[in-house]
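J.: Here you go, structure.cif (mmCIF, C-alpha atoms):
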```
data_final
loop_
_atom_site.label_atom_id
_atom_site.label_comp_id
_atom_site.auth_asym_id
_atom_site.auth_seq_id
_atom_site.Cartn_x
_atom_site.Cartn_y
_atom_site.Cartn_z
CA MET A 1 -32.15 -20.45 32.43
CA LYS A 2 -35.13 -22.14 34.01
CA ASN A 3 -35.17 -25.90 33.19
CA ASN A 4 -31.99 -25.48 31.09
CA GLY A 5 -34.10 -23.79 28.43
CA LEU A 6 -36.34 -26.82 27.93
CA GLY A 7 -39.86 -26.19 26.68
CA ARG A 8 -41.56 -24.07 24.06
CA HIS A 9 -40.14 -20.69 23.03
CA GLU A 10 -41.40 -17.97 20.73
CA PHE A 11 -39.38 -16.77 17.73
CA HIS A 12 -38.25 -13.15 18.01
CA ASN A 13 -38.99 -12.44 14.33
CA LYS A 14 -41.68 -13.48 11.89
CA ARG A 15 -40.94 -16.56 9.80
CA ALA A 16 -41.93 -17.18 6.19
CA ASP A 17 -43.50 -20.53 7.12
CA GLY A 18 -45.78 -18.92 9.69
CA GLU A 19 -44.34 -20.74 12.69
CA VAL A 20 -44.32 -18.63 15.85
CA SER A 21 -42.62 -20.99 18.32
CA PHE A 22 -40.23 -23.91 18.62
CA LEU A 23 -39.69 -26.71 21.12
CA VAL A 24 -36.42 -27.32 22.96
CA THR A 25 -36.12 -30.97 24.00
CA LYS A 26 -33.46 -32.91 25.89
CA THR A 27 -32.39 -34.51 22.61
CA LEU A 28 -31.93 -31.09 21.02
CA LEU A 29 -29.79 -29.97 23.97
CA ASP A 30 -27.65 -33.11 23.66
CA HIS A 31 -27.09 -32.39 19.98
CA PHE A 32 -26.19 -28.79 20.79
CA ARG A 33 -23.64 -29.88 23.40
CA GLU A 34 -22.09 -32.29 20.90
CA VAL A 35 -21.72 -29.58 18.25
CA SER A 36 -20.41 -27.06 20.81
CA SER A 37 -17.73 -29.47 21.99
CA HIS A 38 -16.01 -29.15 18.59
CA CYS A 39 -16.05 -25.31 18.49
CA PHE A 40 -12.31 -24.79 18.93
CA GLU A 41 -10.87 -27.86 17.20
CA ARG A 42 -9.73 -25.78 14.19
CA ALA A 43 -9.06 -22.57 16.07
CA CYS A 44 -5.41 -22.26 15.06
CA GLU A 45 -6.19 -22.96 11.41
CA ASP A 46 -9.10 -20.53 11.17
CA ALA A 47 -8.07 -17.88 13.72
CA SER A 48 -7.63 -15.10 11.18
CA LYS A 49 -11.05 -15.79 9.64
CA VAL A 50 -13.11 -15.75 12.83
CA TYR A 51 -14.64 -12.62 14.35
CA GLY A 52 -16.61 -12.52 17.58
CA LEU A 53 -19.02 -9.73 18.54
CA PHE A 54 -20.18 -9.50 22.15
CA GLY A 55 -22.89 -7.23 23.52
CA THR A 56 -21.86 -5.11 26.50
CA ARG A 57 -25.39 -5.49 27.92
CA ASP A 58 -25.83 -9.19 27.19
CA ASN A 59 -27.36 -10.76 30.32
CA LEU A 60 -27.44 -14.31 28.94
CA VAL A 61 -24.01 -15.15 27.54
CA HIS A 62 -20.61 -14.05 28.87
CA THR A 63 -18.03 -15.87 26.77
CA ILE A 64 -15.69 -13.19 25.40
CA ASP A 65 -12.82 -14.35 27.64
CA LEU A 66 -13.25 -17.95 26.48
CA PHE A 67 -13.41 -16.80 22.86
CA ARG A 68 -10.22 -14.75 23.22
CA GLU A 69 -8.34 -17.81 24.44
CA HIS A 70 -8.69 -19.18 20.90
CA TYR A 71 -9.32 -16.18 18.64
CA HIS A 72 -7.91 -12.65 18.87
CA GLN A 73 -10.56 -10.76 16.87
CA ALA A 74 -13.14 -10.07 19.56
CA ALA A 75 -15.15 -6.85 19.47
CA ARG A 76 -17.67 -5.48 21.94
CA PHE A 77 -20.76 -3.60 20.82
CA ASP A 78 -23.39 -1.58 22.63
CA GLY A 79 -26.25 -4.04 22.71
CA GLU A 80 -27.96 -6.97 24.35
CA HIS A 81 -28.06 -10.68 23.50
CA HIS A 82 -30.52 -10.37 20.62
CA LEU A 83 -29.61 -8.24 17.62
CA ASN A 84 -31.73 -5.30 16.56
CA ASP A 85 -31.61 -3.14 13.44
CA SER A 86 -29.23 -0.62 15.00
CA VAL A 87 -26.71 -3.27 16.05
CA ILE A 88 -26.88 -4.95 12.64
CA VAL A 89 -26.29 -1.68 10.76
CA HIS A 90 -23.68 -0.08 13.02
CA SER A 91 -21.81 -3.07 14.47
CA LEU A 92 -22.31 -6.20 12.36
CA LEU A 93 -22.22 -4.69 8.86
CA PRO A 94 -18.93 -2.79 9.44
CA ILE A 95 -17.23 -6.11 10.28
CA ILE A 96 -18.76 -7.77 7.23
CA GLN A 97 -17.51 -4.87 5.10
CA ARG A 98 -13.95 -5.36 6.42
CA ILE A 99 -14.06 -9.06 5.59
CA ASP A 100 -15.51 -8.35 2.16
CA ASP A 101 -12.86 -5.70 1.42
CA ARG A 102 -10.07 -8.06 2.42
CA GLN A 103 -11.39 -10.90 0.29
CA ASN A 104 -11.84 -8.64 -2.74
CA GLY A 105 -8.62 -6.67 -2.30
CA VAL A 106 -10.49 -3.38 -1.84
CA SER A 107 -8.45 -0.49 -0.44
CA ARG A 108 -10.39 2.51 0.85
CA PRO A 109 -9.01 6.03 1.49
CA VAL A 110 -7.63 6.33 5.03
CA LEU A 111 -9.28 8.94 7.24
CA ILE A 112 -7.64 9.68 10.59
CA ILE A 113 -9.45 11.48 13.40
CA ALA A 114 -7.20 13.07 16.03
CA LEU A 115 -8.84 12.65 19.41
CA SER A 116 -8.92 15.75 21.62
CA ASP A 117 -11.04 17.22 24.40
CA ARG A 118 -12.94 19.32 21.89
CA LEU A 119 -13.92 16.29 19.83
CA VAL A 120 -14.77 14.33 22.98
CA ASN A 121 -17.24 17.10 23.84
CA HIS A 122 -18.89 16.44 20.46
CA SER A 123 -18.77 12.65 20.85
CA SER A 124 -22.44 12.01 19.98
CA GLY A 125 -22.12 13.77 16.64
CA MET A 126 -18.70 12.22 16.18
CA ARG A 127 -20.10 8.71 16.54
CA LYS A 128 -22.83 9.35 13.98
CA ALA A 129 -20.31 10.88 11.59
CA ILE A 130 -17.98 7.89 11.91
CA GLU A 131 -20.84 5.50 11.21
CA VAL A 132 -21.51 7.35 7.95
CA LEU A 133 -17.88 7.86 6.95
CA SER A 134 -17.00 4.20 7.57
CA GLU A 135 -19.20 3.18 4.65
CA ARG A 136 -16.68 4.71 2.22
CA TYR A 137 -13.49 5.33 4.19
CA GLU A 138 -11.15 3.38 6.43
CA VAL A 139 -11.54 5.40 9.62
CA HIS A 140 -8.84 5.41 12.29
CA ILE A 141 -8.59 7.20 15.63
CA SER A 142 -5.31 8.77 16.69
CA ALA A 143 -4.61 9.87 20.26
CA ALA A 144 -1.58 11.37 21.96
CA VAL A 145 -0.56 10.02 25.37
CA ASP A 146 2.08 11.46 27.69
CA TYR A 147 5.13 9.20 27.47
CA ASN A 148 5.31 9.12 31.28
CA SER A 149 1.63 8.15 31.64
CA PRO A 150 1.36 5.01 29.50
CA ARG A 151 -1.67 3.69 31.36
CA LYS A 152 -3.74 6.48 29.83
CA ALA A 153 -3.55 4.57 26.55
CA GLU A 154 -5.93 2.01 28.03
CA ASP A 155 -8.36 4.81 28.86
CA VAL A 156 -8.27 5.85 25.20
CA PHE A 157 -9.11 2.33 23.99
CA LEU A 158 -11.93 1.93 26.50
CA TRP A 159 -13.39 5.35 25.64
CA CYS A 160 -13.36 4.59 21.92
CA GLU A 161 -14.97 1.21 22.51
CA SER A 162 -17.74 2.71 24.65
CA ASN A 163 -18.40 5.87 22.64
CA LEU A 164 -17.46 5.15 19.02
CA GLY A 165 -18.25 1.45 18.72
CA VAL A 166 -17.30 -1.25 16.25
CA PRO A 167 -16.47 1.03 13.26
CA VAL A 168 -13.17 1.98 14.97
CA TRP A 169 -12.52 -1.43 16.55
CA ASN A 170 -8.85 -2.36 16.15
CA ARG A 171 -8.25 0.99 14.43
CA VAL A 172 -7.12 3.11 17.37
CA MET A 173 -3.49 4.20 17.50
CA ILE A 174 -1.39 6.03 20.05
CA CYS A 175 0.89 8.55 18.34
CA ASN A 176 2.34 11.84 19.53
CA HIS A 177 3.45 12.92 16.05
CA LYS A 178 0.57 13.54 13.64
CA ASN A 179 2.97 14.56 10.88
CA LEU A 180 4.38 11.01 10.78
CA GLN A 181 1.02 9.35 10.25
CA LEU A 182 0.17 8.02 6.80
CA GLY A 183 -3.34 8.75 5.62
CA ASP A 184 -5.39 10.58 3.04
CA TYR A 185 -7.29 12.83 5.44
CA LEU A 186 -6.82 14.09 9.00
CA ILE A 187 -9.71 15.55 10.98
CA ASP A 188 -8.15 17.58 13.77
CA ALA A 189 -9.54 20.19 16.16
CA GLU A 190 -6.02 21.13 17.29
CA PRO A 191 -3.74 20.93 14.23
CA GLU A 192 -1.23 23.22 15.90
CA VAL A 193 -0.52 20.48 18.45
CA ASN A 194 1.82 17.56 17.74
CA GLY A 195 2.44 18.40 14.08
CA GLY A 196 -1.08 18.30 12.69
CA GLN A 197 -0.35 21.24 10.40
CA ASP A 198 2.42 19.22 8.74
CA PHE A 199 0.21 16.22 7.98
CA MET A 200 1.05 15.02 4.46
CA GLY A 201 -2.55 14.43 3.41
CA THR A 202 -5.60 16.71 3.44
CA LEU A 203 -6.16 18.47 6.78
CA ILE A 204 -9.72 19.06 7.95
CA HIS A 205 -9.59 21.65 10.75
CA PHE A 206 -12.61 20.83 12.89
CA GLY A 207 -14.00 24.01 14.46
CA SER A 208 -12.76 26.29 11.68
CA ASP A 209 -15.17 28.42 9.64
CA SER A 210 -15.45 25.69 6.99
CA PHE A 211 -15.90 22.79 9.42
CA LYS A 212 -17.70 24.10 12.48
CA THR A 213 -19.79 20.96 12.99
CA TRP A 214 -19.79 17.30 12.04
CA GLU A 215 -22.57 18.08 9.58
CA ASP A 216 -20.11 20.34 7.73
CA VAL A 217 -17.57 17.52 7.69
CA LEU A 218 -20.10 15.05 6.31
CA GLU A 219 -21.19 17.51 3.64
CA PHE A 220 -17.56 17.88 2.51
CA PHE A 221 -17.02 14.14 2.22
CA SER A 222 -20.38 13.54 0.56
CA ARG A 223 -19.22 15.82 -2.25
CA LEU A 224 -16.05 13.75 -2.62
CA GLY A 225 -18.09 10.61 -3.14
CA GLY A 226 -15.63 8.27 -1.46
CA GLN A 227 -12.47 9.69 -3.07
#
```
Give the structure from the file, written as structure tokens.

T.:
Amino acid sequence: MKNNGLGRHEFHNKRADGEVSFLVTKTLLDHFREVSSHCFERACEDASKVYGLFGTRDNLVHTIDLFREHYHQAARFDGEHHLNDSVIVHSLLPIIQRIDDRQNGVSRPVLIIALSDRLVNHSSGMRKAIEVLSERYEVHISAAVDYNSPRKAEDVFLWCESNLGVPVWNRVMICNHKNLQLGDYLIDAEPEVNGGQDFMGTLIHFGSDSFKTWEDVLEFFSRLGGQ
């Protein structure tokens, strides 16, 4: 940044006290450097309690690699350096909900979505549906990968990160046997493949007469009320 960020800057949001700007001085920078130098002193002790969210379009800070040297819970979200309402609702709040559930011992019904080409072709609606369903369910993504093409698993993770966002962060699994997965619900466009028809929970056949669109799926789960 020009002049190391020294000078007067405007607040991005309105403040209750009416102030519209603040001054960055050399003394303030020195204090910031002192505080920052202690960031990782308790990393081992607090590792399981620390989450880092990093915008994929952040053009100011690029520290995810440094963060991951000390903490393993690093998630990327589609956004810039400054948060907006969409990022707060769809990326920050899902992480807060996970922390809150863990602290309060809350267990939500498990909903598994089997990734397939048909669902990928409906990825925009799929993302919106997952954002809604994640408020009441623990949503996981399941994908099958050819045993002789293990590198395709990385493609699955990267696609989910780019297209489905934080709600499925750290909840993507590679499994070629849907019938062995434990969950309450399975949304599957190809239940005849890899044992989807033998899933032990409730099967939602995406594309069938009852569930032609993601709107139909959301209507079904809204009636369940989180059960």

J.: What lies within 12 Å of Cys44 of chain A using all atoms listed in the file, ignoring chain neighbours under 5 positions off, as a ChimeraX atom specification?

T.: /A:39,49-50,69-72

J.: Could you tell me which residues the PyMOL selection byres ((chain A and resi 214) around 7) returns for this structure, as a list in words?

T.: Gly125, Met126, Ala129, Thr213, Glu215, Asp216, Val217 and Leu218 of chain A

J.: Take atom CA of Gly55 of chain A and atom CA of Ile99 of chain A and report the distance between them in Å, one decimal.

T.: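 If I compute the distance from atom CA of Gly55 of chain A to atom CA of Ile99 of chain A, I get 20.1 Å.
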
J.: A:Ala144, A:Leu6, A:Ile64, A:Ala153: which is nearest Ala114 of chain A, counting all atoms listed in the file?

T.: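 Nearest to Ala114 of chain A: A:Ala144.
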
J.: Can you pull out every residue within 10 Å of Leu83 of chain A, counting only C-alpha atoms, but drop anything in the same chain fewer than 5 positions away, and send it as a list in words?

T.: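 Residues meeting the cut-off are His12, Gly55, Ile88, Ser91 and Leu92 of chain A.
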
J.: Check the smallest atom-to-atom distance from each of A:Gln97, A:Asn104, A:Ser162, A:Gln197 to Arg127 of chain A using all atoms listed in the file, then report the winner.

T.: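 Ranked by minimum distance to Arg127 of chain A, first place goes to A:Ser162.
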
J.: Since I can't run it myself right now, could you work out what the PyMOL selection byres ((chain A and resi 182) around 8) selects here and report it as a count of residues only?

T.: 6

J.: Could you give me, as an NGL selection string, the residues within 9 Å of Phe11 of chain A, counting all atoms listed in the file and dropping anything in the same chain fewer than 4 positions from it?

T.: :A and (15 or 19-22)

J.: Check the smallest atom-to-atom distance from each of A:Cys160, A:Met173, A:Ile141, A:Leu93 to Ser124 of chain A using only C-alpha atoms, then report the winner.

T.: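 Selected residue with least distance to Ser124 of chain A: A:Cys160.
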
J.: Could you tell me which of A:Arg102, A:Arg108, A:His122, A:Arg76 comes closest to Ser48 of chain A if we count only C-alpha atoms?

T.: A:Arg102

J.: Can you tell me how far atom CA of Ser142 of chain A sits from atom CA of Val168 of chain A, in Å to one decimal?

T.: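 Here the two named atoms are 10.5 Å from each other.
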
J.: Suppose you want the space between atom CA of Arg33 of chain A and atom CA of Phe67 of chain A; what is it in Å?

T.: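 A separation of 16.6 Å between them.
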
J.: Point out the residue among A:Gly105, A:Gly225, A:Pro191, A:Gly207 with the least atom-to-atom distance to Arg136 of chain A, counting all atoms listed in the file.

T.: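 The answer is A:Gly225, which sits nearest to Arg136 of chain A.
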
J.: Could you check the closest approach to Arg118 of chain A for each of A:Ile187, A:Leu66, A:Val61, A:Val35 and tell me which residue wins, using all atoms listed in the file?

T.: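 Ranking A:Ile187, A:Leu66, A:Val61, A:Val35 by distance to Arg118 of chain A, first place goes to A:Ile187.
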
J.: Given the file above and the PyMOL selection byres ((chain A and resi 117) around 12), which residues are selected, and can you give them as a PDB file with C-alpha atoms, in the coordinates of the input?

T.:
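Now in out_20.pdb:
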```
ATOM      1  CA  ALA A 114      -7.200  13.070  16.030  1.00  0.00           C
ATOM      2  CA  LEU A 115      -8.840  12.650  19.410  1.00  0.00           C
ATOM      3  CA  SER A 116      -8.920  15.750  21.620  1.00  0.00           C
ATOM      4  CA  ARG A 118     -12.940  19.320  21.890  1.00  0.00           C
ATOM      5  CA  LEU A 119     -13.920  16.290  19.830  1.00  0.00           C
ATOM      6  CA  VAL A 120     -14.770  14.330  22.980  1.00  0.00           C
ATOM      7  CA  ASN A 121     -17.240  17.100  23.840  1.00  0.00           C
ATOM      8  CA  HIS A 122     -18.890  16.440  20.460  1.00  0.00           C
ATOM      9  CA  SER A 123     -18.770  12.650  20.850  1.00  0.00           C
ATOM     10  CA  ALA A 143      -4.610   9.870  20.260  1.00  0.00           C
ATOM     11  CA  ALA A 144      -1.580  11.370  21.960  1.00  0.00           C
ATOM     12  CA  VAL A 156      -8.270   5.850  25.200  1.00  0.00           C
ATOM     13  CA  ASP A 188      -8.150  17.580  13.770  1.00  0.00           C
ATOM     14  CA  ALA A 189      -9.540  20.190  16.160  1.00  0.00           C
ATOM     15  CA  GLU A 190      -6.020  21.130  17.290  1.00  0.00           C
TER      16      GLU A 190
END
```

J.: Around (-36.9, -29.2, 20.7) in the file's own coordinates, what residues are found within 10 Å if you use all atoms listed in the file, given back as a PyMOL selection string?

T.: chain A and resi 5-9+22-29

J.: Missing atoms in segment 46-60 of chain A: fill them in up to N, CA, C and O atoms and send the result as a PDB file, keeping the file's coordinate frame.

T.:
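And here's result_36.pdb as it stands now:
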```
ATOM      1  N   ASP A  46      -8.130 -21.517  11.640  1.00  0.00           N
ATOM      2  CA  ASP A  46      -9.100 -20.530  11.170  1.00  0.00           C
ATOM      3  C   ASP A  46      -9.069 -19.224  11.957  1.00  0.00           C
ATOM      4  O   ASP A  46      -9.946 -18.387  11.794  1.00  0.00           O
ATOM      5  N   ALA A  47      -8.069 -19.029  12.806  1.00  0.00           N
ATOM      6  CA  ALA A  47      -8.070 -17.880  13.720  1.00  0.00           C
ATOM      7  C   ALA A  47      -8.243 -16.545  13.002  1.00  0.00           C
ATOM      8  O   ALA A  47      -8.969 -15.669  13.463  1.00  0.00           O
ATOM      9  N   SER A  48      -7.570 -16.386  11.868  1.00  0.00           N
ATOM     10  CA  SER A  48      -7.630 -15.100  11.180  1.00  0.00           C
ATOM     11  C   SER A  48      -8.955 -14.866  10.466  1.00  0.00           C
ATOM     12  O   SER A  48      -9.236 -13.748  10.026  1.00  0.00           O
ATOM     13  N   LYS A  49      -9.785 -15.899  10.363  1.00  0.00           N
ATOM     14  CA  LYS A  49     -11.050 -15.790   9.640  1.00  0.00           C
ATOM     15  C   LYS A  49     -12.255 -15.651  10.569  1.00  0.00           C
ATOM     16  O   LYS A  49     -13.376 -15.510  10.094  1.00  0.00           O
ATOM     17  N   VAL A  50     -12.000 -15.717  11.873  1.00  0.00           N
ATOM     18  CA  VAL A  50     -13.110 -15.750  12.830  1.00  0.00           C
ATOM     19  C   VAL A  50     -13.190 -14.428  13.595  1.00  0.00           C
ATOM     20  O   VAL A  50     -12.205 -13.956  14.163  1.00  0.00           O
ATOM     21  N   TYR A  51     -14.372 -13.841  13.597  1.00  0.00           N
ATOM     22  CA  TYR A  51     -14.640 -12.620  14.350  1.00  0.00           C
ATOM     23  C   TYR A  51     -15.741 -12.901  15.363  1.00  0.00           C
ATOM     24  O   TYR A  51     -16.724 -13.576  15.051  1.00  0.00           O
ATOM     25  N   GLY A  52     -15.581 -12.374  16.555  1.00  0.00           N
ATOM     26  CA  GLY A  52     -16.610 -12.520  17.580  1.00  0.00           C
ATOM     27  C   GLY A  52     -17.113 -11.170  18.022  1.00  0.00           C
ATOM     28  O   GLY A  52     -16.326 -10.275  18.320  1.00  0.00           O
ATOM     29  N   LEU A  53     -18.425 -10.975  18.064  1.00  0.00           N
ATOM     30  CA  LEU A  53     -19.020  -9.730  18.540  1.00  0.00           C
ATOM     31  C   LEU A  53     -19.822 -10.027  19.799  1.00  0.00           C
ATOM     32  O   LEU A  53     -20.641 -10.958  19.817  1.00  0.00           O
ATOM     33  N   PHE A  54     -19.588  -9.243  20.843  1.00  0.00           N
ATOM     34  CA  PHE A  54     -20.180  -9.500  22.150  1.00  0.00           C
ATOM     35  C   PHE A  54     -20.857  -8.242  22.672  1.00  0.00           C
ATOM     36  O   PHE A  54     -20.242  -7.181  22.756  1.00  0.00           O
ATOM     37  N   GLY A  55     -22.136  -8.361  23.019  1.00  0.00           N
ATOM     38  CA  GLY A  55     -22.890  -7.230  23.520  1.00  0.00           C
ATOM     39  C   GLY A  55     -22.480  -6.853  24.931  1.00  0.00           C
ATOM     40  O   GLY A  55     -22.359  -7.712  25.804  1.00  0.00           O
ATOM     41  N   THR A  56     -22.270  -5.563  25.164  1.00  0.00           N
ATOM     42  CA  THR A  56     -21.860  -5.110  26.500  1.00  0.00           C
ATOM     43  C   THR A  56     -22.996  -5.224  27.505  1.00  0.00           C
ATOM     44  O   THR A  56     -22.757  -5.192  28.714  1.00  0.00           O
ATOM     45  N   ARG A  57     -24.238  -5.356  27.018  1.00  0.00           N
ATOM     46  CA  ARG A  57     -25.390  -5.490  27.920  1.00  0.00           C
ATOM     47  C   ARG A  57     -26.077  -6.836  27.764  1.00  0.00           C
ATOM     48  O   ARG A  57     -27.259  -6.981  28.054  1.00  0.00           O
ATOM     49  N   ASP A  58     -25.308  -7.828  27.327  1.00  0.00           N
ATOM     50  CA  ASP A  58     -25.830  -9.190  27.190  1.00  0.00           C
ATOM     51  C   ASP A  58     -25.942  -9.825  28.572  1.00  0.00           C
ATOM     52  O   ASP A  58     -24.950 -10.017  29.263  1.00  0.00           O
ATOM     53  N   ASN A  59     -27.168 -10.157  28.994  1.00  0.00           N
ATOM     54  CA  ASN A  59     -27.360 -10.760  30.320  1.00  0.00           C
ATOM     55  C   ASN A  59     -27.572 -12.264  30.260  1.00  0.00           C
ATOM     56  O   ASN A  59     -27.953 -12.887  31.251  1.00  0.00           O
ATOM     57  N   LEU A  60     -27.278 -12.866  29.094  1.00  0.00           N
ATOM     58  CA  LEU A  60     -27.440 -14.310  28.940  1.00  0.00           C
ATOM     59  C   LEU A  60     -26.125 -15.041  28.723  1.00  0.00           C
ATOM     60  O   LEU A  60     -25.904 -16.118  29.278  1.00  0.00           O
TER      61      LEU A  60
END
```
